[in-house]
Amino acid sequence: MSNLPKIGWIGLGIMGSPMSENLIKAGYDVTGHTLEQDKLDRLAAAGGRSAGSVAEAVRDADVVITMVPASPQVEAIAYGPDGILENARPGALLIDMSSITPQTSVDLAKAAAVKGIRVLDAPVSGGEAGAIEAVLSIMVGGEQADFDEAGPVFQALGRTVVLCGPHGSGQTVKAANQLIVAVNIQACAEAVVFLEKSGVDLEAALDVLNGGLAGSTVLTRKKANFLNRDFTPGFRIDLHHKDMGIVTDAARTVGAALPAGAVVAQLVASLRAQGDGGLDHSALLRAVERLSGARV
């Protein structure tokens, strides 16, 4: 029998499914819950166990991991009689890997402490590809001892794992990450339209740009999306819209000006309002094409 901690996993979406499967591959006993039966079937097929409720998934877990869309979903699964805090055992470690507001993470850690449950906020960057390949960047907030204990779990999910400070710090760094990614995608999208309208070989141009100072992980990961106009969601505009709201509000709270970020936040919101919220965030290219008179 494995001496590894038992995992209760809540949320099996684009990110959660491959992440939980990587833990199974690493030898962990994973019991998962989500709202879609096909996702539960996928977990079972990968060697995990499906649970019919949050309470069932977390009851016997040493480590509970959550990966859901936003703060309201985290609060829905954490609180209340059927939630994590009422059903996880005292001493359990709750790792929330969702991207939510820093204050939600701080409040959750305080409420969990009353129940004897330890908490880390540990949002990730790397998108679906990073989740599948187990090369995510994981930014963590919480206590050093809890971070150290969670180290082997994190190493099964990602490549760059850093404790950024106390509760909420992981979410603050994730907000900064989403700011950088959005501005980077927007710059790449504008360059793509500029290059194509100038008659340049786009693939050749992107190759040489990515070899210099303009190169980025965004350009590496999203090059094919731009070339093929393939906006199959790896990370949806809807979610990036949520994240831009988080970073905008958090920056206002601390008095940090985000002039470029504010503009891109509006462009993301505009794209979502035009019905493209379910597309990959590389679909910011569509917005630039519309502004440039292209038919999309």
# chains A, B, ... in the order shown; residues from 1 in each chain; ligands from 1

call {"tool": "closest_atom_pairs", "arguments": {"of": "stretch 188-213 of chain A", "to": "stretch 229-252 of chain A", "cutoff": "12 Å", "atoms": "only C-alpha atoms", "output": "Markdown table"}}
result
| residue | atom | partner | partner_atom | distance |
| --- | --- | --- | --- | --- |
| A:Ala189 | CA | A:Arg229 | CA | 11.0 |
| A:Val192 | CA | A:Arg229 | CA | 11.1 |
| A:Val193 | CA | A:Arg229 | CA | 11.9 |

call {"tool": "select_by_dssp", "arguments": {"residues": "stretch 8-53 of chain A", "states": "strand (DSSP E or B)", "output": "list in words"}}
result
Gly8, Trp9, Ile10, Val30, Thr31, Gly32, His33, Arg49 and Ser50 of chain A

call {"tool": "residues_around", "arguments": {"residues": "A:Asp121", "least_positions_apart": "5", "cutoff": "10 Å", "atoms": "only C-alpha atoms", "output": "list in words"}}
result
Ile65, Thr66, Leu94, Ile95, Asp96, Met97, Ser98, Ser99, Ile100, Pro102, Thr104, Ser105, Val106, Leu108, Ala109, Ile138, Met139, Val140, Gly141, Gly142, Phe147, Leu163, Pro166, His167, Gly168, Ser169, Gly170 and Gln171 of chain A

call {"tool": "residues_around", "arguments": {"residues": "stretch 20-30 of chain A", "least_positions_apart": "5", "cutoff": "9 Å", "atoms": "only C-alpha atoms", "output": "list in words"}}
result
Ser2, Asn3, Leu4, Pro5, Lys6, Ile7, Gly8, Trp9, Leu12, Met15, Leu43, Ala46, Gly47, Gly48, Arg49, Ser50, Ala57, Ala61, Ala131, Ile132, Glu133, Ala134, Val153, Ala156 and Leu157 of chain A

call {"tool": "write_last_selection", "arguments": {"atoms": "C-alpha atoms", "output": "CSV table (one decimal), in the first residue's frame"}}
result
chain,number,residue,atom,x,y,z
A,2,SER,CA,1.3,3.5,-0.9
A,3,ASN,CA,2.5,5.7,1.9
A,4,LEU,CA,1.7,8.8,-0.2
A,5,PRO,CA,-1.0,11.0,1.2
A,6,LYS,CA,-4.6,10.5,0.0
A,7,ILE,CA,-5.8,13.2,-2.3
A,8,GLY,CA,-9.3,14.6,-2.5
A,9,TRP,CA,-9.6,16.6,-5.8
A,12,LEU,CA,-12.0,18.4,-13.2
A,15,MET,CA,-6.8,22.1,-16.0
A,43,LEU,CA,-10.9,10.2,-13.8
A,46,ALA,CA,-7.2,7.1,-15.4
A,47,GLY,CA,-7.2,5.1,-12.2
A,48,GLY,CA,-8.8,7.5,-9.8
A,49,ARG,CA,-12.0,7.2,-7.9
A,50,SER,CA,-15.1,9.3,-8.4
A,57,ALA,CA,-14.3,13.4,-1.9
A,61,ALA,CA,-8.2,12.9,2.3
A,131,ALA,CA,-1.0,20.9,-17.1
A,132,ILE,CA,-0.8,17.9,-19.4
A,133,GLU,CA,3.0,18.0,-19.5
A,134,ALA,CA,3.3,18.6,-15.7
A,153,VAL,CA,2.6,17.0,-4.7
A,156,ALA,CA,4.2,16.0,-9.7
A,157,LEU,CA,2.3,18.9,-11.2

call {"tool": "closest_residue", "arguments": {"among": "A:Val161, A:Val54, A:Val68, A:Leu179", "to": "A:Pro259", "atoms": "only C-alpha atoms"}}
result
A:Leu179

call {"tool": "closest_residue", "arguments": {"among": "A:Thr217, A:Gln103, A:Val135, A:Glu86", "to": "A:Lys115", "atoms": "only C-alpha atoms"}}
result
A:Glu86

call {"tool": "atom_distance", "arguments": {"atom1": "atom CA of A:Val218", "atom2": "atom CA of A:Lys197"}}
result
21.8 Å

call {"tool": "residues_around", "arguments": {"residues": "A:Thr34", "least_positions_apart": "2", "cutoff": "8 Å", "atoms": "only C-alpha atoms", "output": "PyMOL selection string"}}
result
chain A and resi 10-12+32+36-37+39-40+53

call {"tool": "select_by_dssp", "arguments": {"residues": "stretch 25-157 of chain A", "states": "alpha helix (DSSP H)", "output": "number ranges by chain"}}
result
A: 25, 37-45, 54-58, 71-78, 84-87, 102-114, 127-133, 144-155

call {"tool": "closest_residue", "arguments": {"among": "A:Gly212, A:Gly277, A:Gly158, A:Pro81", "to": "A:Ala129", "atoms": "only C-alpha atoms"}}
result
A:Gly158

call {"tool": "closest_residue", "arguments": {"among": "A:Ala44, A:Gly211, A:Cys188, A:Gln266", "to": "A:Ala283", "atoms": "only C-alpha atoms"}}
result
A:Cys188

call {"tool": "closest_residue", "arguments": {"among": "A:Ala88, A:Val208, A:Leu258, A:Leu136", "to": "A:Val119", "atoms": "only C-alpha atoms"}}
result
A:Ala88

call {"tool": "atom_distance", "arguments": {"atom1": "atom CA of A:Ala51", "atom2": "atom CA of A:Leu35"}}
result
10.2 Å

call {"tool": "atom_distance", "arguments": {"atom1": "atom CA of A:Ala260", "atom2": "atom CA of A:Ile14"}}
result
28.6 Å

call {"tool": "decode", "arguments": {"residues": "stretch 204-240 of chain A", "atoms": "C-alpha atoms", "output": "mmCIF file, in the first residue's frame"}}
result
data_model
loop_
_atom_site.group_PDB
_atom_site.id
_atom_site.type_symbol
_atom_site.label_atom_id
_atom_site.label_comp_id
_atom_site.auth_asym_id
_atom_site.auth_seq_id
_atom_site.Cartn_x
_atom_site.Cartn_y
_atom_site.Cartn_z
ATOM 1 C CA ALA A 204 9.098 33.140 -40.862
ATOM 2 C CA ALA A 205 8.609 36.457 -39.095
ATOM 3 C CA LEU A 206 7.330 34.850 -35.902
ATOM 4 C CA ASP A 207 10.242 32.404 -35.905
ATOM 5 C CA VAL A 208 12.867 35.129 -36.057
ATOM 6 C CA LEU A 209 11.036 37.331 -33.565
ATOM 7 C CA ASN A 210 10.845 34.458 -31.103
ATOM 8 C CA GLY A 211 14.604 34.008 -31.339
ATOM 9 C CA GLY A 212 15.333 37.505 -30.080
ATOM 10 C CA LEU A 213 14.293 39.835 -27.291
ATOM 11 C CA ALA A 214 10.696 39.749 -28.537
ATOM 12 C CA GLY A 215 10.577 36.026 -27.889
ATOM 13 C CA SER A 216 8.332 34.699 -25.147
ATOM 14 C CA THR A 217 6.601 31.618 -23.844
ATOM 15 C CA VAL A 218 3.370 33.186 -25.083
ATOM 16 C CA LEU A 219 4.693 33.375 -28.631
ATOM 17 C CA THR A 220 6.052 29.820 -28.430
ATOM 18 C CA ARG A 221 2.795 28.393 -27.069
ATOM 19 C CA LYS A 222 0.411 30.480 -29.179
ATOM 20 C CA LYS A 223 2.249 30.633 -32.503
ATOM 21 C CA ALA A 224 0.139 27.852 -34.034
ATOM 22 C CA ASN A 225 -3.056 29.517 -32.781
ATOM 23 C CA PHE A 226 -2.101 32.717 -34.558
ATOM 24 C CA LEU A 227 -1.015 31.002 -37.779
ATOM 25 C CA ASN A 228 -4.032 28.703 -38.036
ATOM 26 C CA ARG A 229 -6.632 30.953 -36.403
ATOM 27 C CA ASP A 230 -7.244 28.015 -34.085
ATOM 28 C CA PHE A 231 -8.837 29.351 -30.929
ATOM 29 C CA THR A 232 -9.772 26.043 -29.308
ATOM 30 C CA PRO A 233 -9.741 26.970 -25.643
ATOM 31 C CA GLY A 234 -6.663 26.173 -23.602
ATOM 32 C CA PHE A 235 -7.497 29.160 -21.417
ATOM 33 C CA ARG A 236 -10.778 30.888 -22.153
ATOM 34 C CA ILE A 237 -11.339 34.603 -22.669
ATOM 35 C CA ASP A 238 -14.071 34.340 -20.003
ATOM 36 C CA LEU A 239 -11.501 33.313 -17.413
ATOM 37 C CA HIS A 240 -8.942 35.888 -18.485
#
